[in-house]
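Shown next: final.txt, given as compact mmCIF, C-alpha atoms.
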# COMPACT_ATOMS: atom_id res chain seq x y z
CA MET A 1 26.66 -247.71 -135.24
CA GLU A 2 26.77 -245.78 -138.46
CA ALA A 3 24.05 -243.44 -137.23
CA ALA A 4 26.10 -242.71 -134.12
CA MET A 5 29.15 -241.99 -136.23
CA LYS A 6 27.16 -239.63 -138.39
CA THR A 7 25.86 -237.75 -135.35
CA LYS A 8 29.37 -237.41 -134.03
CA THR A 9 30.65 -236.04 -137.34
CA PHE A 10 27.83 -233.56 -137.40
CA ARG A 11 28.64 -232.47 -133.85
CA ASN A 12 32.28 -231.94 -134.75
CA ALA A 13 31.25 -229.78 -137.67
CA ALA A 14 29.07 -227.70 -135.36
CA LEU A 15 32.11 -227.14 -133.15
CA ILE A 16 34.49 -226.43 -135.98
CA VAL A 17 32.47 -223.67 -137.66
CA PRO A 18 32.56 -221.16 -134.76
CA LEU A 19 36.18 -222.10 -134.09
CA ALA A 20 37.10 -221.33 -137.69
CA ALA A 21 35.25 -218.04 -137.45
CA ALA A 22 37.16 -217.15 -134.28
CA LEU A 23 40.45 -217.96 -135.99
CA ALA A 24 39.52 -215.98 -139.08
CA PHE A 25 38.61 -212.86 -137.07
CA PRO A 26 40.83 -212.85 -133.99
CA GLY A 27 40.02 -210.12 -131.54
CA ALA A 28 36.69 -209.34 -133.19
CA ALA A 29 34.71 -210.51 -130.16
CA LEU A 30 37.08 -208.65 -127.82
CA ALA A 31 36.76 -205.41 -129.78
CA GLN A 32 33.00 -205.69 -129.60
CA ASP A 33 33.17 -206.21 -125.83
CA TYR A 34 35.44 -203.19 -125.49
CA ALA A 35 33.15 -200.93 -127.51
CA SER A 36 30.04 -201.98 -125.61
CA ALA A 37 31.74 -201.79 -122.21
CA LYS A 38 33.01 -198.31 -123.03
CA ALA A 39 29.59 -197.16 -124.25
CA ALA A 40 28.05 -198.55 -121.07
CA GLY A 41 30.51 -196.59 -118.92
CA LEU A 42 32.13 -199.72 -117.45
CA ILE A 43 35.46 -198.72 -118.96
CA GLY A 44 36.65 -195.10 -118.89
CA GLU A 45 39.38 -192.96 -120.41
CA LYS A 46 42.18 -191.70 -118.15
CA PRO A 47 44.13 -188.47 -118.74
CA ASP A 48 47.32 -190.49 -119.27
CA GLY A 49 46.04 -192.00 -122.51
CA TYR A 50 45.03 -195.38 -121.18
CA VAL A 51 41.71 -196.92 -120.17
CA ALA A 52 40.67 -198.28 -116.78
CA VAL A 53 37.79 -200.19 -115.24
CA VAL A 54 35.33 -197.81 -113.59
CA GLY A 55 34.22 -199.07 -110.18
CA ALA A 56 34.74 -202.61 -108.89
CA GLY A 57 34.59 -204.26 -112.32
CA THR A 58 35.02 -207.92 -113.22
CA ALA A 59 37.91 -210.12 -114.25
CA GLU A 60 36.60 -210.00 -117.82
CA LEU A 61 36.59 -206.18 -117.85
CA ARG A 62 40.12 -206.09 -116.44
CA ARG A 63 41.23 -208.48 -119.17
CA ILE A 64 39.73 -206.21 -121.86
CA VAL A 65 41.36 -203.13 -120.29
CA ASP A 66 44.77 -204.81 -120.11
CA ASP A 67 44.48 -205.96 -123.72
CA ILE A 68 43.57 -202.48 -124.97
CA ASN A 69 46.25 -200.77 -122.90
CA ILE A 70 48.98 -203.12 -124.12
CA LYS A 71 47.96 -202.48 -127.73
CA ARG A 72 47.79 -198.73 -127.09
CA LYS A 73 51.21 -198.66 -125.48
CA ALA A 74 52.69 -200.41 -128.52
CA VAL A 75 51.15 -197.77 -130.80
CA TYR A 76 52.25 -194.92 -128.50
CA ALA A 77 55.81 -196.24 -128.35
CA ASP A 78 55.98 -196.50 -132.14
CA LYS A 79 54.52 -193.04 -132.79
CA ALA A 80 56.46 -191.37 -129.98
CA GLN A 81 59.74 -192.59 -131.42
CA ALA A 82 58.80 -191.20 -134.83
CA GLN A 83 58.00 -187.83 -133.21
CA HIS A 84 61.09 -187.82 -130.96
CA ALA A 85 58.92 -187.69 -127.86
CA THR A 86 58.58 -189.95 -124.84
CA VAL A 87 55.88 -192.62 -124.68
CA GLU A 88 54.33 -190.77 -121.71
CA GLU A 89 54.19 -187.50 -123.62
CA TYR A 90 52.58 -189.10 -126.63
CA ALA A 91 50.14 -191.09 -124.50
CA PHE A 92 49.16 -188.01 -122.51
CA THR A 93 48.56 -185.98 -125.67
CA THR A 94 46.37 -188.76 -127.05
CA GLY A 95 44.55 -188.87 -123.70
CA CYS A 96 43.70 -185.17 -124.11
CA ARG A 97 42.21 -185.97 -127.50
CA LEU A 98 40.32 -189.07 -126.36
CA ILE A 99 38.69 -187.33 -123.39
CA ALA A 100 37.73 -184.37 -125.59
CA GLN A 101 35.97 -186.65 -128.07
CA ALA A 102 34.33 -188.97 -125.50
CA GLN A 103 30.71 -189.60 -126.41
CA PRO A 104 27.86 -188.64 -124.05
CA GLY A 105 27.37 -191.41 -121.50
CA GLU A 106 30.99 -192.54 -121.63
CA LYS A 107 33.17 -192.24 -118.54
CA TYR A 108 36.40 -190.27 -118.26
CA GLN A 109 38.73 -189.36 -115.42
CA ALA A 110 39.00 -185.67 -114.50
CA PRO A 111 42.42 -184.20 -113.56
CA ASP A 112 41.55 -184.62 -109.86
CA GLY A 113 41.11 -188.37 -110.36
CA ALA A 114 37.31 -188.47 -110.11
CA TRP A 115 35.34 -190.42 -112.70
CA LYS A 116 32.93 -188.25 -114.67
CA THR A 117 30.21 -189.11 -117.15
CA ARG A 118 30.48 -187.19 -120.39
CA GLY A 119 27.45 -185.00 -120.90
CA ALA A 120 26.64 -182.22 -123.32
CA ALA A 121 29.24 -179.89 -121.74
CA ALA A 122 32.95 -179.99 -122.56
CA ALA A 123 34.99 -182.55 -120.63
CA GLU A 124 37.17 -181.52 -117.68
CA ARG A 125 40.73 -181.87 -118.92
CA ASP A 126 44.25 -181.14 -117.82
CA PRO A 127 45.04 -177.41 -118.33
CA ARG A 128 47.95 -178.39 -120.57
CA CYS A 129 45.62 -180.04 -123.12
CA PRO A 130 45.34 -178.16 -126.42
CA MET B 1 65.95 -155.05 -104.81
CA THR B 2 65.18 -158.24 -106.68
CA ARG B 3 61.65 -159.02 -107.67
CA PRO B 4 60.03 -161.90 -105.78
CA ARG B 5 59.60 -165.09 -107.74
CA LEU B 6 57.64 -168.04 -106.43
CA THR B 7 59.82 -170.61 -108.06
CA LYS B 8 59.20 -173.73 -106.01
CA PRO B 9 56.22 -173.39 -103.67
CA ARG B 10 55.61 -177.18 -103.69
CA ALA B 11 59.12 -178.11 -102.80
CA LEU B 12 59.00 -175.83 -99.79
CA ALA B 13 55.66 -177.15 -98.59
CA THR B 14 56.75 -180.79 -98.73
CA SER B 15 60.35 -180.58 -97.62
CA LEU B 16 59.95 -178.38 -94.56
CA PRO B 17 58.15 -180.91 -92.31
CA MET B 18 60.76 -183.52 -93.21
CA GLU B 19 63.56 -181.14 -92.36
CA GLN B 20 61.90 -180.45 -89.05
CA ALA B 21 61.47 -184.15 -88.31
CA ARG B 22 65.12 -184.78 -89.05
CA GLN B 23 66.17 -181.95 -86.80
CA VAL B 24 64.00 -183.19 -83.95
CA ASP B 25 65.40 -186.69 -84.32
CA ARG B 26 68.95 -185.49 -84.13
CA ARG B 27 68.64 -183.75 -80.78
CA SER B 28 65.98 -182.79 -78.27
CA GLY B 29 64.90 -179.20 -78.43
CA GLY B 30 65.73 -179.15 -82.12
CA ARG B 31 62.19 -178.05 -82.91
CA VAL B 32 62.69 -174.81 -81.03
CA VAL B 33 65.89 -174.12 -82.95
CA VAL B 34 64.21 -174.84 -86.27
CA MET B 35 61.19 -172.71 -85.42
CA ALA B 36 63.41 -169.86 -84.32
CA GLY B 37 65.35 -170.19 -87.56
CA ALA B 38 62.14 -170.25 -89.57
CA MET B 39 60.83 -167.17 -87.80
CA THR B 40 64.08 -165.34 -88.41
CA ALA B 41 63.87 -166.27 -92.07
CA LEU B 42 60.27 -165.08 -92.18
CA GLY B 43 61.29 -161.83 -90.52
CA LEU B 44 63.98 -161.32 -93.15
CA LEU B 45 61.49 -162.10 -95.92
CA ALA B 46 58.93 -159.67 -94.51
CA GLY B 47 61.60 -157.04 -94.49
CA CYS B 48 62.39 -157.12 -98.20
CA ILE B 49 59.80 -158.95 -100.29
CA SER B 50 56.07 -159.55 -100.10
CA VAL B 51 54.73 -163.03 -100.82
CA THR B 52 51.15 -163.35 -102.07
CA ALA B 53 49.23 -166.63 -101.94
CA PRO B 54 48.47 -168.23 -105.33
CA ASP B 55 44.90 -167.89 -106.64
CA LYS B 56 44.51 -171.61 -107.29
CA PRO B 57 45.19 -174.39 -104.82
CA ILE B 58 48.50 -176.15 -105.32
CA VAL B 59 47.84 -179.47 -107.05
CA ILE B 60 50.54 -182.11 -107.07
CA GLU B 61 50.87 -183.15 -110.71
CA LEU B 62 52.11 -186.67 -111.36
CA ASN B 63 52.84 -185.79 -114.98
CA ILE B 64 54.54 -182.49 -114.15
CA ASN B 65 57.45 -183.41 -116.41
CA ILE B 66 55.22 -183.33 -119.49
CA LYS B 67 55.51 -179.87 -121.02
CA GLN B 68 52.62 -178.10 -122.69
CA GLU B 69 54.72 -177.19 -125.72
CA VAL B 70 55.43 -180.87 -126.35
CA ILE B 71 51.71 -181.67 -126.11
CA TYR B 72 50.91 -178.95 -128.65
CA ARG B 73 53.58 -180.29 -130.99
CA LEU B 74 52.20 -183.85 -130.78
CA ALA B 75 48.48 -182.98 -130.87
CA ALA B 76 47.95 -183.28 -134.63
CA ASP B 77 49.84 -186.57 -134.88
CA ALA B 78 47.95 -187.97 -131.88
CA ALA B 79 44.63 -187.09 -133.51
CA LYS B 80 45.71 -188.93 -136.66
CA THR B 81 46.73 -191.97 -134.60
CA VAL B 82 43.32 -192.08 -132.92
CA GLU B 83 41.56 -192.01 -136.31
CA GLU B 84 43.82 -194.70 -137.74
CA ASN B 85 43.24 -197.14 -134.85
CA PRO B 86 39.50 -197.18 -134.13
CA ASP B 87 39.71 -200.70 -132.67
CA ILE B 88 41.76 -199.63 -129.64
CA PHE B 89 40.62 -196.02 -129.14

Transcribe the structure of this file into structure tokens.
Amino acid sequence: MEAAMKTKTFRNAALIVPLAAALAFPGAALAQDYASAKAAGLIGEKPDGYVAVVGAGTAELRRIVDDINIKRKAVYADKAQAQHATVEEYAFTTGCRLIAQAQPGEKYQAPDGAWKTRGAAAAERDPRCP
Amino acid sequence: MTRPRLTKPRALATSLPMEQARQVDRRSGGRVVVMAGAMTALGLLAGCISVTAPDKPIVIELNINIKQEVIYRLAADAAKTVEENPDIF
């Protein structure tokens, strides 16, 4: 009886440790998924300053994309207000920057809507980009 | 004579078929009237100004309302924002 109790306590502890870690670093696992998915070309940058799933994708990828885009929009809205610009203008300007600095192997969307893989050459961007 | 200015090539390209459709709907034989009108207009245009085709194909921009000058103004701040938020960019 006591042995069983002990085992159970031990099991609970095994469950609690990762849970505590997850609570201590919320979003850490998600950020890691986002970075790896982006590096793998599963998630790409759009000219409008948001990310999208490249190809069919999975529910998990769509969840990551939605999470990132919501966080981005909050930042865009905040910064745009400070700069007396619209959220779309600020997001678009950031999109110019993000596509320009995309790493080789990462995906980005060209002005015509086609997904491109960043290579050694400069990225295809909207003519209005600085 | 005034100098020709291609102010709204897109608007013309998209609105003309709709105008025609509306005319045709309203009465039979409307197409002929519209075409005759268009040809007359073309004849008038040929008489006074020359229209040259644009070098690049006309691309319909969804973000056409975003001005380049605004983008240039925001560029530095946007770059700073990207650096400050590495977790979402």

A straight line from atom CA of Arg63 of chain A to atom CA of Gly105 of chain A spans 22.1 Å

Residues of chain B within 7 Å of chain A, counting all atoms listed in the file, as a ChimeraX atom specification: /B:66,68,71-72,74-75,78-79,87-88

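Reported to one decimal place, the separation of atom CA of Gly41 of chain A from atom CA of Glu106 of chain A is 4.9 Å.
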
Would you compute the distance between atom CA of Leu61 of chain A and atom CA of Lys38 of chain A? Give it in Å to one decimal.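 That distance, rounded to one decimal, is 10.1 Å.
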
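Taking all atoms listed in the file into account, Lys116 of chain A lies nearest to A:Pro104 out of the set A:Asp78, A:Pro104, A:Ser36, A:Glu60.
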
So that all listed atoms of segment 72-79 of chain A fit with 6 Å spare on each side, what axis-aligned box centre and edge lengths in Å, to one decimal, would you give as AutoDock Vina command-line options?
--center_x 51.9 --center_y -196.7 --center_z -129.1 --size_x 20.2 --size_y 19.4 --size_z 19.3

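A cut-off of 6 Å from the point (39.6, -198.2, -117.2), with only C-alpha atoms, picks out the residues A:Ile43, A:Gly44, A:Val51, A:Ala52, A:Val53, A:Val54.
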